[in-house]
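Structure, as structure tokens:
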Protein chains: 2
Amino acid sequence: MVKEKQTPDTEARILQAAETEFLTKGFSGARTTSIAEAAGVTHAMFHYYFRTKEKLFERIISEKVSQMKALLLDTVGNSDMPLEEKIRNVIERHLDFVAANPDVPRFLVGEVFAYPERAKIMTDKIKIYAPAMIAELQRQIDEAAAEGIFRKVDARMLIIDITSLNIFSYMASPLINAVLDNFMDDSGSFLAQRKKENFETIMRKLKP
Amino acid sequence: MVKEKQTPDTEARILQAAETEFLTKGFSGARTTSIAEAAGVTHAMFHYYFRTKEKLFERIISEKVSQMKALLLDTVGNSDMPLEEKIRNVIERHLDFVAANPDVPRFLVGEVFAYPERAKIMTDKIKIYAPAMIAELQRQIDEAAAEGIFRKVDARMLIIDITSLNIFSYMASPLINAVLDNFMDDSGSFLAQRKKENFETIMRKLKP
DNA sequence: ATATTGACTAACAATTTTGTTAGTGCGAAA
DNA sequence: TTTCGCACTAACAAAATTGTTAGTCAATAT
């Protein structure tokens, strides 16, 4: 006989519902009652499993920050590739993630502004790895520039360009779609198109 | 004798405080009591002048949408310029606005996601003018392409590129500064630098 | 058989937050 | 001088929201 799990993963269902609620509405907009309702459990279950709204929120936000960090580490951080391939790889992987999780960047950005106290929770994790990665990227650019393959550009500006081009349209998709008459949703593969264009845009910026 | 105004513009002070509160915390994070406190008036005054939180919020959000619309109309909409000058003008004016009002885009984006019902309030105003402006921009691009000056690119992708490059860094400045070690705040004139680079990036994309 | 443990419920408590209302004081109009 | 309207206050009311607690029930261990 199969060992029946007495709890049909109530905890996981609450967690899932909470993630959706927090990501779309932010901490202040999220309601613990809505979360419980969406998970199909009593409101008290929320507190039984996660004590407070704050605790669950912190768990979720730090999970999301870790995701972002991991993404950075195994794209920008992985430096065994020639620069051009590395950039293509970063752009494609980053865009895949953003397209699949469009609310993560908006959520993080929104919460840092609303509660600067919490900013540290997020930024501390990143600050440890960022400087070395940036320095390494700059070194690769300078090296390519010495060979005359690329122009000598500021690695930090380059990072801002790439993230801007990748993230913004997904972050603001409802507004973009309103202005551009559902361009993102209608166009067969906006994602594929963006991968191609963003890589091209960045390469044109880098080539002498 | 000077006619003393018995109310030292209480109404304006509340409005000002509310704008700050709504822009940084969003609708759900804003507290009418904090607004009153920040304005230095009784909590009841809030309701005396503006009835409900919802009403004041709608007033503010529609004011912000109008600002964005006006900005679009007199940059992109103004077509008496050669395309290259027009693009430089759009980028510079747009960047000036975003740098001076970094929370407006984040606010609008955040609220559309959190309350899709409200999306219409924002998008309706824009939808009226957008299609014609996009068509006109595409026409100008095609014209330049026919002369061999530019490449034939999709006007909508171009618009996404420009807004992304202009808005994102300001929208996410706390995170960018954390990752890039206060790059935006420290660098003498990040704004001027961005104006130059974004224009260049876009032109390199457009040139054959 | 009894005790124990963990998931769960229902009801309640506390606090926060929005909104209301009755009434005060003052200047201007009648 | 009386009346009227307006800005304003203090106290209260109502609802929403988070959090707690005592106790039920069923499976497992002793």
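Each chain of the structure tokens is named A, B, ... in the order shown, its residues numbered from 1; ligands are numbered from 1 in display order.
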
Open item on the list: If the cut-off is 9 Å, can you tell me the residues of chain A near chain D, counting only C-alpha atoms (C1' of nucleotides)? I'd like them as a PyMOL selection string.
Closed with: chain A and resi 6+31-33+44+47+51-53

Open item on the list: I need the contact residues of chain C against chain B, so if you could list those with any atom within 8 Å, counting only C-alpha atoms (C1' of nucleotides), and return them as a PyMOL selection string, that would help.
Closed with: chain C and resi 17-19

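With distances taken over only C-alpha atoms, B:Glu21 is the one residue among B:Glu21, B:Gly77, B:Gly188, B:Leu71 lying closest to chain A.
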
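Separating atom CA of Lys120 of chain B from atom CA of Ile134 of chain B is a distance of 20.0 Å.
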
TODO: Compute the chain A side of the contact with chain B at 7 Å, counting only C-alpha atoms, and hand it back as a ChimeraX atom specification.
DONE: /A:24-25,28-29,109,113-114,123,126-127,130,156,160-161,164-165,168-169,172,175,178-180,201,204-205

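The space between atom CA of Val90 of chain B and atom CA of Thr75 of chain B spans 5.2 Å.
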
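One distance worth recording is that between atom CA of Glu11 of chain B and atom CA of Ala100 of chain B, which is 24.1 Å.
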
Task: Near-Gly40 of chain B list (12 Å; only C-alpha atoms (C1' of nucleotides); drop same-chain fewer than 3 positions) as a count of residues only - done: 20
